[in-house]
>>> print(open('data-v1.cif').read())   # mmCIF, C-alpha atoms
data_upload
#
loop_
_atom_site.label_atom_id
_atom_site.label_comp_id
_atom_site.auth_asym_id
_atom_site.auth_seq_id
_atom_site.Cartn_x
_atom_site.Cartn_y
_atom_site.Cartn_z
CA MET W 266 26.40 34.03 49.78
CA ALA W 267 29.38 31.70 49.47
CA ASP W 268 30.56 32.76 52.90
CA ASN W 269 27.14 32.20 54.47
CA PHE W 270 26.95 28.63 53.19
CA LEU W 271 30.53 27.89 54.22
CA GLN W 272 29.88 29.36 57.66
CA GLN W 273 26.68 27.34 58.10
CA VAL W 274 28.36 24.04 57.17
CA MET W 275 31.34 24.80 59.42
CA GLU W 276 29.08 25.68 62.33
CA GLU W 277 26.75 22.68 61.98
CA SER W 278 29.55 20.18 61.43
CA GLY W 279 32.12 21.75 63.74
CA GLN W 280 34.72 21.12 61.01
CA PRO W 281 37.31 23.58 59.58
CA VAL W 282 36.22 23.21 55.93
CA ASN W 283 38.19 26.37 55.05
CA LEU W 284 41.46 24.53 55.76
CA CYS W 285 41.07 22.05 52.87
CA TYR W 286 43.92 22.52 50.38
CA GLN W 287 42.95 19.79 47.91
CA CYS W 288 45.51 17.05 48.64
CA ARG W 289 42.77 14.55 47.61
CA LYS W 290 43.71 11.97 50.21
CA CYS W 291 40.00 11.76 51.13
CA SER W 292 38.98 10.77 47.60
CA ALA W 293 41.88 8.32 47.23
CA GLY W 294 40.67 6.25 50.19
CA CYS W 295 36.89 6.67 49.92
CA PRO W 296 35.21 3.24 49.54
CA MET W 297 32.13 4.85 47.96
CA VAL W 298 33.83 7.29 45.59
CA ASP W 299 32.71 5.34 42.48
CA GLU W 300 29.12 6.16 43.44
CA PHE W 301 29.71 9.86 44.11
CA ASP W 302 28.88 12.44 41.43
CA PHE W 303 31.41 14.77 43.13
CA PRO W 304 34.35 13.11 44.94
CA PRO W 305 34.89 14.22 48.57
CA ASN W 306 37.72 16.68 47.74
CA MET W 307 35.43 18.38 45.23
CA VAL W 308 32.62 18.53 47.81
CA MET W 309 35.02 20.44 50.10
CA ARG W 310 35.91 22.91 47.32
CA MET W 311 32.25 23.38 46.37
CA ILE W 312 31.41 24.29 49.96
CA GLN W 313 34.26 26.82 49.99
CA LEU W 314 32.92 28.30 46.72
CA GLY W 315 29.30 28.37 47.95
CA GLN W 316 27.88 25.89 45.40
CA ARG W 317 25.02 25.07 47.71
CA ASP W 318 22.30 24.08 45.23
CA GLU W 319 24.50 21.61 43.34
CA LEU W 320 25.56 19.99 46.60
CA LEU W 321 22.08 19.66 48.11
CA LYS W 322 20.92 17.98 44.87
CA SER W 323 23.99 15.71 44.69
CA ARG W 324 24.15 11.94 45.03
CA ALA W 325 27.43 12.20 46.92
CA ILE W 326 25.76 13.38 50.13
CA TRP W 327 23.53 10.27 50.25
CA MET W 328 26.17 7.77 49.11
CA CYS W 329 28.55 8.67 51.95
CA VAL W 330 28.18 5.94 54.61
CA SER W 331 30.12 7.88 57.29
CA CYS W 332 32.92 5.31 57.50
CA GLU W 333 35.25 8.18 58.57
CA THR W 334 38.19 6.90 56.48
CA CYS W 335 38.65 10.34 54.89
CA GLY W 336 38.48 12.18 58.21
CA SER W 337 40.96 9.88 59.86
CA ARG W 338 43.53 10.47 57.07
CA CYS W 339 43.01 14.21 56.46
CA PRO W 340 46.23 16.18 57.10
CA ASN W 341 44.09 19.11 58.27
CA GLU W 342 41.94 16.93 60.56
CA ILE W 343 38.73 17.73 58.71
CA ARG W 344 36.09 15.06 59.32
CA ILE W 345 33.89 14.89 56.23
CA ALA W 346 31.21 12.63 57.80
CA PRO W 347 29.70 15.39 59.99
CA ILE W 348 29.95 17.76 57.00
CA MET W 349 27.84 15.30 54.99
CA ASP W 350 25.36 15.21 57.91
CA SER W 351 25.02 18.98 57.67
CA LEU W 352 24.46 18.84 53.88
CA ARG W 353 21.90 16.01 54.18
CA ALA W 354 19.96 17.87 56.87
CA GLN W 355 19.96 21.03 54.73
CA CYS W 356 18.68 19.01 51.75
CA ILE W 357 15.74 17.65 53.80
CA ASN W 358 14.99 20.88 55.69
CA GLU W 359 15.03 22.99 52.50
CA GLY W 360 12.64 20.60 50.76
CA VAL W 361 15.15 19.75 48.02
CA THR W 362 14.34 16.45 46.27
CA PRO W 363 17.05 14.05 47.47
CA ALA W 364 19.11 12.40 44.70
CA ASP W 365 18.68 9.05 46.42
CA PRO W 366 15.12 8.83 47.84
CA VAL W 367 15.55 5.14 48.79
CA THR W 368 18.19 5.99 51.41
CA VAL W 369 15.98 8.74 52.80
CA ALA W 370 13.06 6.27 52.94
CA LEU W 371 15.18 3.91 55.03
CA HIS W 372 16.37 6.58 57.45
CA SER W 373 12.92 8.09 57.96
CA SER W 374 11.34 4.64 58.52
CA PHE W 375 14.12 3.91 60.98
CA ILE W 376 13.68 7.06 63.07
CA ASN W 377 9.90 6.61 63.02
CA SER W 378 10.39 3.22 64.64
CA ILE W 379 12.45 4.88 67.39
CA LYS W 380 9.76 7.54 67.80
CA THR W 381 7.14 4.81 68.29
CA PHE W 382 9.00 2.27 70.44
CA GLY W 383 12.17 4.06 71.59
CA ARG W 384 13.95 1.16 69.88
CA ILE W 385 13.98 -0.51 66.49
CA HIS W 386 11.29 -3.03 65.71
CA GLU W 387 12.76 -4.52 62.55
CA ALA W 388 9.58 -6.15 61.20
CA THR W 389 7.45 -2.99 61.11
CA MET W 390 10.41 -0.74 60.26
CA LEU W 391 11.26 -2.86 57.19
CA MET W 392 7.62 -2.93 56.06
CA ALA W 393 7.40 0.87 56.34
CA TYR W 394 10.67 1.19 54.40
CA LYS W 395 9.51 -1.15 51.65
CA TRP W 396 6.26 0.82 51.39
CA LYS W 397 7.99 4.22 51.28
CA SER W 398 10.66 3.16 48.79
CA LYS W 399 8.10 1.27 46.63
CA ASN W 400 10.69 -1.45 46.43
CA PHE W 401 8.82 -4.59 47.44
CA THR W 402 10.85 -7.41 45.93
CA SER W 403 14.54 -6.79 46.65
CA ASP W 404 16.08 -8.93 49.39
CA ILE W 405 12.80 -10.70 50.22
CA ASP W 406 14.81 -13.94 50.40
CA VAL W 407 17.26 -12.38 52.85
CA GLY W 408 14.41 -11.08 55.03
CA LEU W 409 12.72 -14.48 55.06
CA LYS W 410 15.96 -16.24 55.98
CA LEU W 411 16.61 -13.76 58.81
CA PHE W 412 13.07 -14.33 60.07
CA LEU W 413 13.49 -18.12 59.99
CA LYS W 414 16.77 -17.78 61.91
CA GLY W 415 14.89 -15.92 64.63
CA LYS W 416 16.60 -12.61 63.81
CA ILE W 417 13.46 -10.56 63.10
CA PRO W 418 11.34 -10.75 66.25
CA LEU W 419 7.57 -10.30 65.94
CA MET W 420 7.03 -8.51 69.23
CA PRO W 421 8.49 -5.01 69.71
CA LYS W 422 10.41 -4.05 72.86
CA LYS W 423 9.78 -0.57 74.18
CA SER W 424 11.82 1.95 76.14
CA LYS W 425 10.26 2.95 79.47
CA ASN W 426 10.48 6.73 79.28
CA MET W 427 8.72 7.28 75.95
CA ALA W 428 7.61 10.77 77.04
CA LYS W 429 11.26 11.88 77.20
CA ILE W 430 12.07 10.27 73.85
CA LYS W 431 9.17 12.12 72.21
CA GLU W 432 10.56 15.34 73.73
CA ILE W 433 13.96 14.63 72.15
CA PHE W 434 12.27 14.25 68.75
CA LYS W 435 10.28 17.47 69.26
CA GLU W 436 13.40 19.38 70.29
CA ALA W 437 15.14 18.17 67.08
CA GLY W 438 12.11 19.20 64.99
CA LYS W 439 11.43 15.62 63.85
CA MET C 1446 37.82 -10.05 88.93
CA GLY C 1447 35.08 -8.37 90.93
CA GLU C 1448 34.51 -5.58 88.38
CA THR C 1449 30.97 -4.45 87.60
CA TYR C 1450 29.87 -2.36 84.63
CA SER C 1451 26.67 -0.97 83.20
CA TYR C 1452 25.57 -2.57 79.97
CA TYR C 1453 23.83 -1.07 76.93
CA PRO C 1454 22.38 -3.95 74.84
CA GLY C 1455 21.33 -2.00 71.71
CA CYS C 1456 18.52 -3.02 69.36
CA THR C 1457 20.40 -5.81 67.54
CA SER C 1458 20.86 -7.67 70.85
CA HIS C 1459 17.44 -9.30 70.39
CA SER C 1460 17.49 -9.47 66.58
CA THR C 1461 20.30 -9.66 64.02
CA ALA C 1462 23.13 -10.04 66.55
CA VAL C 1463 21.47 -12.32 69.07
CA GLU C 1464 24.34 -14.86 68.88
CA TYR C 1465 26.90 -12.07 69.51
CA ILE C 1466 25.15 -11.00 72.69
CA GLU C 1467 24.64 -14.55 73.98
CA ALA C 1468 28.30 -15.38 73.35
CA SER C 1469 29.51 -12.10 74.85
CA LEU C 1470 27.43 -12.48 78.01
CA ALA C 1471 28.66 -16.08 78.43
CA VAL C 1472 32.30 -15.02 78.06
CA ILE C 1473 31.96 -12.02 80.38
CA ASP C 1474 30.33 -14.22 83.01
CA ALA C 1475 33.08 -16.86 82.65
CA LEU C 1476 35.70 -14.15 83.30
CA GLY C 1477 33.89 -13.09 86.47
CA ILE C 1478 32.97 -9.61 85.22
CA GLY C 1479 29.62 -8.24 86.41
CA LEU C 1480 27.24 -6.49 83.99
CA ASN C 1481 23.99 -4.73 84.81
CA GLU C 1482 21.70 -3.66 81.98
CA LEU C 1483 20.83 0.05 82.13
CA PRO C 1484 17.45 0.55 83.87
CA ASP C 1485 16.18 2.25 80.69
CA TRP C 1486 17.69 2.80 77.24
CA CYS C 1487 16.66 3.80 73.74
CA CYS C 1488 18.07 3.21 70.26
CA CYS C 1489 21.28 5.20 69.66
CA GLY C 1490 19.87 6.36 66.31
CA ALA C 1491 22.23 4.08 64.35
CA ALA C 1492 23.14 5.61 60.98
CA SER C 1493 19.67 7.04 60.42
CA ALA C 1494 19.38 9.72 63.09
CA HIS C 1495 22.61 11.54 62.19
CA ASN C 1496 21.80 11.27 58.48
CA LEU C 1497 18.65 13.32 59.03
CA SER C 1498 19.42 15.44 62.10
CA THR C 1499 22.58 15.85 64.15
CA SER C 1500 20.50 17.19 67.00
CA LEU C 1501 18.28 14.08 67.05
CA ALA C 1502 21.32 11.78 66.95
CA LEU C 1503 22.94 13.63 69.82
CA GLY C 1504 19.69 13.68 71.82
CA LEU C 1505 19.12 9.92 71.55
CA SER C 1506 22.70 9.11 72.55
CA ALA C 1507 22.53 11.68 75.36
CA PHE C 1508 19.41 9.91 76.72
CA ASN C 1509 21.56 6.80 77.19
CA LEU C 1510 24.52 8.75 78.58
CA ALA C 1511 22.17 10.27 81.15
CA GLU C 1512 20.93 6.82 82.19
CA ALA C 1513 24.53 5.60 82.52
CA HIS C 1514 25.50 8.64 84.59
CA LYS C 1515 22.59 8.02 86.95
CA VAL C 1516 24.08 4.56 87.67
CA GLY C 1517 27.61 5.99 87.77
CA VAL C 1518 29.83 3.16 86.51
CA ASP C 1519 31.54 2.66 83.11
CA LEU C 1520 29.23 1.59 80.29
CA VAL C 1521 29.92 -1.47 78.11
CA ILE C 1522 28.49 -1.24 74.57
CA PRO C 1523 28.89 -4.47 72.53
CA CYS C 1524 27.48 -3.14 69.21
CA ALA C 1525 30.18 -1.21 67.33
CA GLY C 1526 27.63 1.19 65.81
CA CYS C 1527 26.02 1.98 69.17
CA TYR C 1528 29.48 2.40 70.68
CA GLY C 1529 30.45 4.87 67.94
CA ASN C 1530 27.35 6.99 68.51
CA LEU C 1531 27.56 7.00 72.30
CA ALA C 1532 31.29 7.70 72.27
CA GLN C 1533 30.67 10.58 69.83
CA ALA C 1534 27.99 12.05 72.17
CA ASP C 1535 30.34 11.61 75.14
CA TYR C 1536 33.04 13.48 73.18
CA VAL C 1537 30.62 16.35 72.52
CA MET C 1538 29.67 16.53 76.24
CA ARG C 1539 33.35 16.64 77.13
CA HIS C 1540 34.25 19.41 74.66
CA ASP C 1541 31.13 21.52 74.10
CA GLU C 1542 30.00 23.17 77.31
CA LYS C 1543 26.89 24.70 75.75
CA GLU C 1544 25.60 21.35 74.46
CA ARG C 1545 26.49 19.67 77.75
CA GLN C 1546 24.50 22.19 79.77
CA ARG C 1547 21.55 21.89 77.38
CA PHE C 1548 21.40 18.11 77.74
CA GLU C 1549 22.01 18.13 81.49
CA LYS C 1550 18.93 20.33 81.84
CA GLU C 1551 16.81 18.48 79.28
CA LEU C 1552 17.64 15.03 80.63
CA ASP C 1553 17.96 15.93 84.30
CA PHE C 1554 21.45 14.59 85.02
CA LYS C 1555 24.93 15.81 85.89
CA TYR C 1556 27.71 15.00 83.43
CA ASP C 1557 30.94 14.57 85.37
CA GLY C 1558 32.98 12.74 82.71
CA GLN C 1559 33.58 9.85 85.11
CA VAL C 1560 31.52 7.26 83.20
CA LYS C 1561 33.60 5.87 80.35
CA MET C 1562 32.13 4.47 77.12
CA LEU C 1563 33.68 1.06 76.45
CA SER C 1564 33.35 -1.11 73.37
CA LEU C 1565 33.44 -4.84 74.02
CA VAL C 1566 36.99 -4.85 72.64
CA ASP C 1567 37.90 -2.11 75.17
CA LEU C 1568 36.54 -4.35 77.92
CA LEU C 1569 37.86 -7.76 76.88
CA ALA C 1570 41.11 -7.00 75.02
CA ARG C 1571 42.77 -5.21 77.92
CA GLU C 1572 46.39 -6.12 78.50
CA GLU C 1573 45.74 -7.03 82.17
CA LEU C 1574 42.99 -9.47 81.21
CA ARG C 1575 45.20 -11.52 78.87
CA PRO C 1576 46.54 -13.98 81.49
CA ALA C 1577 42.97 -14.73 82.69
CA ILE C 1578 41.81 -15.33 79.12
CA ARG C 1579 44.77 -17.60 78.31
CA GLU C 1580 44.13 -19.53 81.51
CA ARG C 1581 40.45 -20.02 80.66
CA VAL C 1582 41.19 -21.61 77.23
CA LYS C 1583 40.14 -25.29 77.31
CA LYS C 1584 40.40 -26.11 73.63
CA PRO C 1585 42.94 -23.90 71.83
CA LEU C 1586 41.94 -22.87 68.31
CA THR C 1587 45.15 -24.44 66.97
CA GLY C 1588 45.46 -24.61 63.20
CA LEU C 1589 42.59 -22.19 62.56
CA LYS C 1590 43.66 -19.38 60.25
CA VAL C 1591 41.83 -16.15 61.02
CA VAL C 1592 41.84 -12.59 59.74
CA CYS C 1593 40.57 -9.94 62.15
CA TYR C 1594 38.17 -7.43 60.66
CA TYR C 1595 37.67 -4.26 62.73
CA GLY C 1596 35.53 -2.19 60.35
CA CYS C 1597 34.87 1.49 61.07
CA ALA C 1598 32.94 2.29 64.22
CA ILE C 1599 35.35 1.03 66.91
CA VAL C 1600 38.31 2.47 64.98
CA ARG C 1601 37.50 5.93 63.64
CA PRO C 1602 37.85 8.76 64.52
CA ALA C 1603 40.84 7.84 66.70
CA ALA C 1604 40.37 10.96 68.86
CA ILE C 1605 37.00 9.52 69.96
CA THR C 1606 37.66 5.76 69.97
CA GLY C 1607 41.18 5.87 71.40
CA VAL C 1608 42.13 3.01 69.03
CA ASP C 1609 45.72 1.71 69.22
CA ASP C 1610 46.38 2.21 65.48
CA SER C 1611 43.62 3.39 63.14
CA GLU C 1612 45.21 1.81 60.04
CA ASN C 1613 46.42 -1.43 61.60
CA PRO C 1614 44.71 -2.14 64.95
CA GLN C 1615 46.01 -5.12 66.93
CA ARG C 1616 43.76 -5.81 69.88
CA ILE C 1617 41.50 -8.51 68.39
CA ASP C 1618 44.56 -10.04 66.65
CA LYS C 1619 46.34 -10.42 70.00
CA MET C 1620 43.26 -11.95 71.56
CA MET C 1621 42.85 -14.52 68.75
CA ALA C 1622 46.53 -15.44 69.15
CA ASP C 1623 45.93 -15.89 72.89
CA LEU C 1624 43.14 -18.34 72.01
CA GLY C 1625 45.64 -20.35 69.96
CA ALA C 1626 44.48 -19.34 66.45
CA GLU C 1627 46.90 -18.57 63.65
CA VAL C 1628 46.37 -14.86 63.03
CA ILE C 1629 47.10 -13.71 59.48
CA ASP C 1630 48.10 -10.17 58.62
CA TRP C 1631 46.02 -8.72 55.76
CA SER C 1632 45.03 -5.49 54.05
CA CYS C 1633 41.33 -4.92 54.78
CA LYS C 1634 41.19 -4.73 58.60
CA VAL C 1635 39.65 -1.26 58.68
CA ASP C 1636 37.88 -1.17 55.31
CA CYS C 1637 34.18 -0.33 55.17
CA CYS C 1638 31.63 -3.12 54.46
CA GLY C 1639 29.01 -0.67 53.19
CA ALA C 1640 27.28 -0.21 56.54
CA ASP C 1641 23.59 0.75 56.18
CA LEU C 1642 23.92 0.50 52.40
CA GLY C 1643 23.35 -3.20 53.11
CA LEU C 1644 19.67 -2.34 53.54
CA THR C 1645 19.25 -0.11 50.49
CA ASP C 1646 21.59 -1.44 47.82
CA ALA C 1647 22.50 -5.13 47.70
CA GLU C 1648 24.63 -4.73 44.59
CA LYS C 1649 26.97 -2.04 45.94
CA THR C 1650 27.25 -3.77 49.30
CA THR C 1651 28.15 -7.04 47.57
CA LYS C 1652 30.91 -5.22 45.66
CA LEU C 1653 32.49 -3.91 48.88
CA VAL C 1654 32.02 -7.23 50.69
CA ASN C 1655 33.56 -9.19 47.81
CA LYS C 1656 36.69 -7.06 47.90
CA ILE C 1657 37.12 -7.73 51.63
CA VAL C 1658 36.49 -11.47 51.21
CA ASP C 1659 38.82 -11.67 48.16
CA TYR C 1660 41.66 -10.31 50.31
CA ALA C 1661 40.79 -12.65 53.20
CA VAL C 1662 40.78 -15.68 50.87
CA ALA C 1663 44.05 -14.57 49.22
CA ALA C 1664 45.62 -14.30 52.68
CA GLY C 1665 44.63 -17.92 53.29
CA ALA C 1666 42.01 -17.32 56.00
CA ASP C 1667 39.53 -19.98 57.14
CA CYS C 1668 37.23 -17.28 58.57
CA LEU C 1669 36.88 -13.60 59.40
CA VAL C 1670 36.50 -12.41 62.99
CA THR C 1671 34.75 -9.16 63.89
CA SER C 1672 33.17 -7.20 66.72
CA CYS C 1673 30.62 -5.28 64.63
CA ALA C 1674 27.06 -6.53 64.21
CA LEU C 1675 26.48 -4.67 60.95
CA CYS C 1676 29.79 -5.82 59.39
CA GLU C 1677 28.93 -9.38 60.39
CA ALA C 1678 25.46 -9.15 58.82
CA ASN C 1679 26.69 -7.57 55.56
CA ILE C 1680 29.60 -9.96 55.09
CA ASP C 1681 27.64 -13.05 56.13
CA ILE C 1682 24.62 -12.28 53.95
CA ARG C 1683 26.35 -11.05 50.79
CA GLN C 1684 28.82 -13.89 50.05
CA GLN C 1685 29.10 -17.69 50.36
CA ARG C 1686 32.87 -18.22 50.48
CA LEU C 1687 33.94 -17.62 54.09
CA PRO C 1688 32.23 -17.80 57.48
CA ILE C 1689 32.42 -14.70 59.69
CA LEU C 1690 32.30 -14.98 63.48
CA PHE C 1691 32.08 -12.55 66.36
CA PHE C 1692 35.25 -12.45 68.45
CA THR C 1693 33.33 -13.50 71.55
CA GLU C 1694 32.00 -16.58 69.72
CA MET C 1695 35.66 -17.54 69.15
CA MET C 1696 36.35 -16.98 72.85
CA ALA C 1697 33.34 -19.13 73.82
CA GLU C 1698 34.55 -21.90 71.48
CA ALA C 1699 38.02 -21.82 73.02
CA PHE C 1700 36.52 -21.70 76.52
CA GLN C 1701 34.07 -24.47 75.49
CA ILE C 1702 31.12 -22.63 76.99
CA GLY C 1703 27.63 -21.57 75.89
CA ASN C 1704 25.11 -22.84 73.39
CA ARG C 1705 27.51 -22.71 70.44
CA GLN C 1706 25.65 -25.10 68.13
CA ARG C 1707 22.62 -22.79 68.40
CA TRP C 1708 24.76 -19.72 67.53
CA TRP C 1709 26.38 -21.35 64.51
CA LYS C 1710 22.92 -21.95 63.01
CA LYS C 1711 22.18 -18.23 63.27
CA HIS C 1712 24.86 -17.54 60.64
CA PHE C 1713 24.15 -17.61 56.88
CA ASN C 1714 27.57 -19.30 56.41
CA ASN C 1715 27.47 -21.93 59.16
CA PRO C 1716 30.93 -22.03 60.82
CA ALA C 1717 30.42 -25.43 62.57
CA ASN C 1718 32.91 -27.21 60.28
CA LEU C 1719 35.76 -24.98 61.45
CA PHE C 1720 35.82 -26.54 64.90
#
>>> encode(input="data-v1.cif", output="structure tokens")
Amino acid sequence: MADNFLQQVMEESGQPVNLCYQCRKCSAGCPMVDEFDFPPNMVMRMIQLGQRDELLKSRAIWMCVSCETCGSRCPNEIRIAPIMDSLRAQCINEGVTPADPVTVALHSSFINSIKTFGRIHEATMLMAYKWKSKNFTSDIDVGLKLFLKGKIPLMPKKSKNMAKIKEIFKEAGK
Amino acid sequence: MGETYSYYPGCTSHSTAVEYIEASLAVIDALGIGLNELPDWCCCGAASAHNLSTSLALGLSAFNLAEAHKVGVDLVIPCAGCYGNLAQADYVMRHDEKERQRFEKELDFKYDGQVKMLSLVDLLAREELRPAIRERVKKPLTGLKVVCYYGCAIVRPAAITGVDDSENPQRIDKMMADLGAEVIDWSCKVDCCGADLGLTDAEKTTKLVNKIVDYAVAAGADCLVTSCALCEANIDIRQQRLPILFFTEMMAEAFQIGNRQRWWKKHFNNPANLF
């Protein structure tokens, strides 16, 4: 079981998770580590030990912003960002309740906008996100200011080959 | 110069980074470099696609790689986030034959590895362009103390970005010095601003931004200079102590070109008083 999970993460991320020997350089430089329930070095060890359920339910996988600081300093050249991508996708695909639903609400609103227009239409994307996250009041002032500065256009701009873009989504199962 | 490149605008070109794109296009034109927007392009997926599906992220970036390959010249990508995603997809095409063949078939193109992915720093901070830039300066930025903030996407991973030094990059620093500014060395050049967390958690983003701005203030900076649209938005929105400018806005100011007064008003911390 442990081996299966380790193999799956290594295959999906393309990263040699088995090489991690716990030097903890990743956790020392992680800008988000205060928000993680398991610091990055522990995430690596948990993958090696097959602690799949704990990881898919963890906050750490959603708090990682893929800044790649850890990966760029790892003495074994393990990039943790693609590993987090693999864990996040497993969380969603397995129907596990994500520890941070607000982040998932943002990402799903964002990719829906791409599915519709091929590009991001900020106004409708942000409304969908606010609706999904049930968080209507935060940063309303920022949004209004951006709108007044002409940074949230009303009219969407579309890609030409929408048929191909829809195919890409279908191929990815989204 | 007579060079011509393809150009991938990215979604923020008509929204949150409109001043970056206007300044960049003005500067590129002033240096005699030709840019042609890709005939078709889609969103690179930003942070959201890869958070939910690696395959979707790769597919969206591959769509744009295919368009660039159909034109056949190097692709300039001003947005750091878009650059990171497209460069990552290009790296996969180069190293994973199975994925390359899949996308070549799906997107009906031939990947020959001849079309390079270039960030705007790759394009404008080239050693051979430095004399032309110095020559074009009309009003040197003398006396202006700047710290250069590179962020993540044009820096890491070095194997993909080809950055000069992933802990202490120099290319924007050298350019600001060429424009006459006083460039200050500091500690947060490649720190993360919180990226897409800026949209979901104001408090945590503010914490990260404050640390960066604390260090910039302690170093004695009058402003931060960046090439990333998301860094600019997070740092500009979440603090009121220091203005942050795009490096091409600084170039336009030194060249005395473009609608600069209009760009300054697009910032939350208006930088007009610096000049």
>>> closest_atom_pairs(input="data-v1.cif", of="chain W", to="chain C", cutoff="7 Å", atoms="only C-alpha atoms", output="tab-separated table")
residue	atom	partner	partner_atom	distance
W:Pro296	CA	C:Cys1637	CA	6.7
W:Val330	CA	C:Ala1640	CA	6.5
W:Cys332	CA	C:Cys1597	CA	5.6
W:Glu333	CA	C:Arg1601	CA	6.0
W:Ser337	CA	C:Pro1602	CA	5.7
W:Asp350	CA	C:Asn1496	CA	5.3
W:Arg353	CA	C:Asn1496	CA	6.4
W:Ala354	CA	C:Leu1497	CA	5.2
W:Val367	CA	C:Thr1645	CA	6.6
W:Thr368	CA	C:Thr1645	CA	6.3
W:His372	CA	C:Ser1493	CA	4.5
W:Phe375	CA	C:Ser1493	CA	6.4
W:Ile376	CA	C:Ala1494	CA	6.3
W:Ile379	CA	C:Cys1488	CA	6.5
W:Gly383	CA	C:Cys1487	CA	5.0
W:Arg384	CA	C:Cys1488	CA	4.6
W:Ile385	CA	C:Cys1456	CA	5.9
W:Lys414	CA	C:Lys1711	CA	5.6
W:Lys416	CA	C:Ser1460	CA	4.3
W:Ile417	CA	C:Ser1460	CA	5.4
W:Pro418	CA	C:Ser1460	CA	6.3
W:Ser424	CA	C:Cys1487	CA	5.7
W:Lys425	CA	C:Asp1485	CA	6.1
W:Ile433	CA	C:Gly1504	CA	5.8
W:Phe434	CA	C:Leu1501	CA	6.2
W:Ala437	CA	C:Leu1501	CA	5.2
>>> closest_residue(input="data-v1.cif", among="W:Thr381, W:Ser331, W:Gln273, W:Gln313", to="W:Lys423", atoms="only C-alpha atoms")
W:Thr381
>>> closest_residue(input="data-v1.cif", among="C:Met1620, C:Val1537, C:Leu1589, C:Ile1605", to="C:Met1696", atoms="all atoms listed in the file")
C:Met1620
>>> resolve_selection(input="data-v1.cif", expression="the PyMOL selection byres ((chain C and resi 1555) around 10)", output="PyMOL selection string")
chain C and resi 1511+1514-1515+1545-1546+1548-1550+1552-1554+1556-1558
>>> atom_distance(input="data-v1.cif", atom1="atom CA of C:Val1582", atom2="atom CA of C:Leu1624")
6.5 Å
>>> atom_distance(input="data-v1.cif", atom1="atom CA of W:Cys335", atom2="atom CA of W:Val308")
12.4 Å
>>> decode(input="data-v1.cif", residues="stretch 1548-1561 of chain C", atoms="N, CA and C atoms", output="tab-separated table (two decimals), in the first residue's frame")
chain	number	residue	atom	x	y	z
C	1548	PHE	N	0.82	15.51	-27.56
C	1548	PHE	CA	0.37	16.87	-27.84
C	1548	PHE	C	0.54	17.25	-29.32
C	1549	GLU	N	1.58	16.74	-29.94
C	1549	GLU	CA	1.75	17.02	-31.38
C	1549	GLU	C	0.53	16.52	-32.15
C	1550	LYS	N	0.05	15.35	-31.76
C	1550	LYS	CA	-1.10	14.75	-32.44
C	1550	LYS	C	-2.38	15.52	-32.09
C	1551	GLU	N	-2.56	15.75	-30.78
C	1551	GLU	CA	-3.78	16.43	-30.33
C	1551	GLU	C	-3.91	17.83	-30.89
C	1552	LEU	N	-2.77	18.53	-30.99
C	1552	LEU	CA	-2.81	19.95	-31.36
C	1552	LEU	C	-2.31	20.20	-32.78
C	1553	ASP	N	-2.04	19.13	-33.49
C	1553	ASP	CA	-1.70	19.21	-34.90
C	1553	ASP	C	-0.52	20.16	-35.17
C	1554	PHE	N	0.62	19.89	-34.54
C	1554	PHE	CA	1.81	20.68	-34.83
C	1554	PHE	C	3.04	19.81	-34.65
C	1555	LYS	N	4.18	20.34	-35.12
C	1555	LYS	CA	5.43	19.60	-34.98
C	1555	LYS	C	6.33	20.37	-34.03
C	1556	TYR	N	6.71	19.74	-32.93
C	1556	TYR	CA	7.61	20.39	-31.97
C	1556	TYR	C	9.05	20.14	-32.39
C	1557	ASP	N	9.76	21.20	-32.76
C	1557	ASP	CA	11.15	21.00	-33.17
C	1557	ASP	C	12.15	21.63	-32.19
C	1558	GLY	N	11.63	22.21	-31.10
C	1558	GLY	CA	12.52	22.78	-30.08
C	1558	GLY	C	13.23	24.05	-30.53
C	1559	GLN	N	12.83	24.59	-31.68
C	1559	GLN	CA	13.50	25.78	-32.21
C	1559	GLN	C	12.88	27.10	-31.72
C	1560	VAL	N	11.66	27.01	-31.16
C	1560	VAL	CA	10.99	28.23	-30.69
C	1560	VAL	C	11.25	28.38	-29.19
C	1561	LYS	N	12.02	29.40	-28.83
C	1561	LYS	CA	12.38	29.56	-27.42
C	1561	LYS	C	11.31	30.37	-26.67
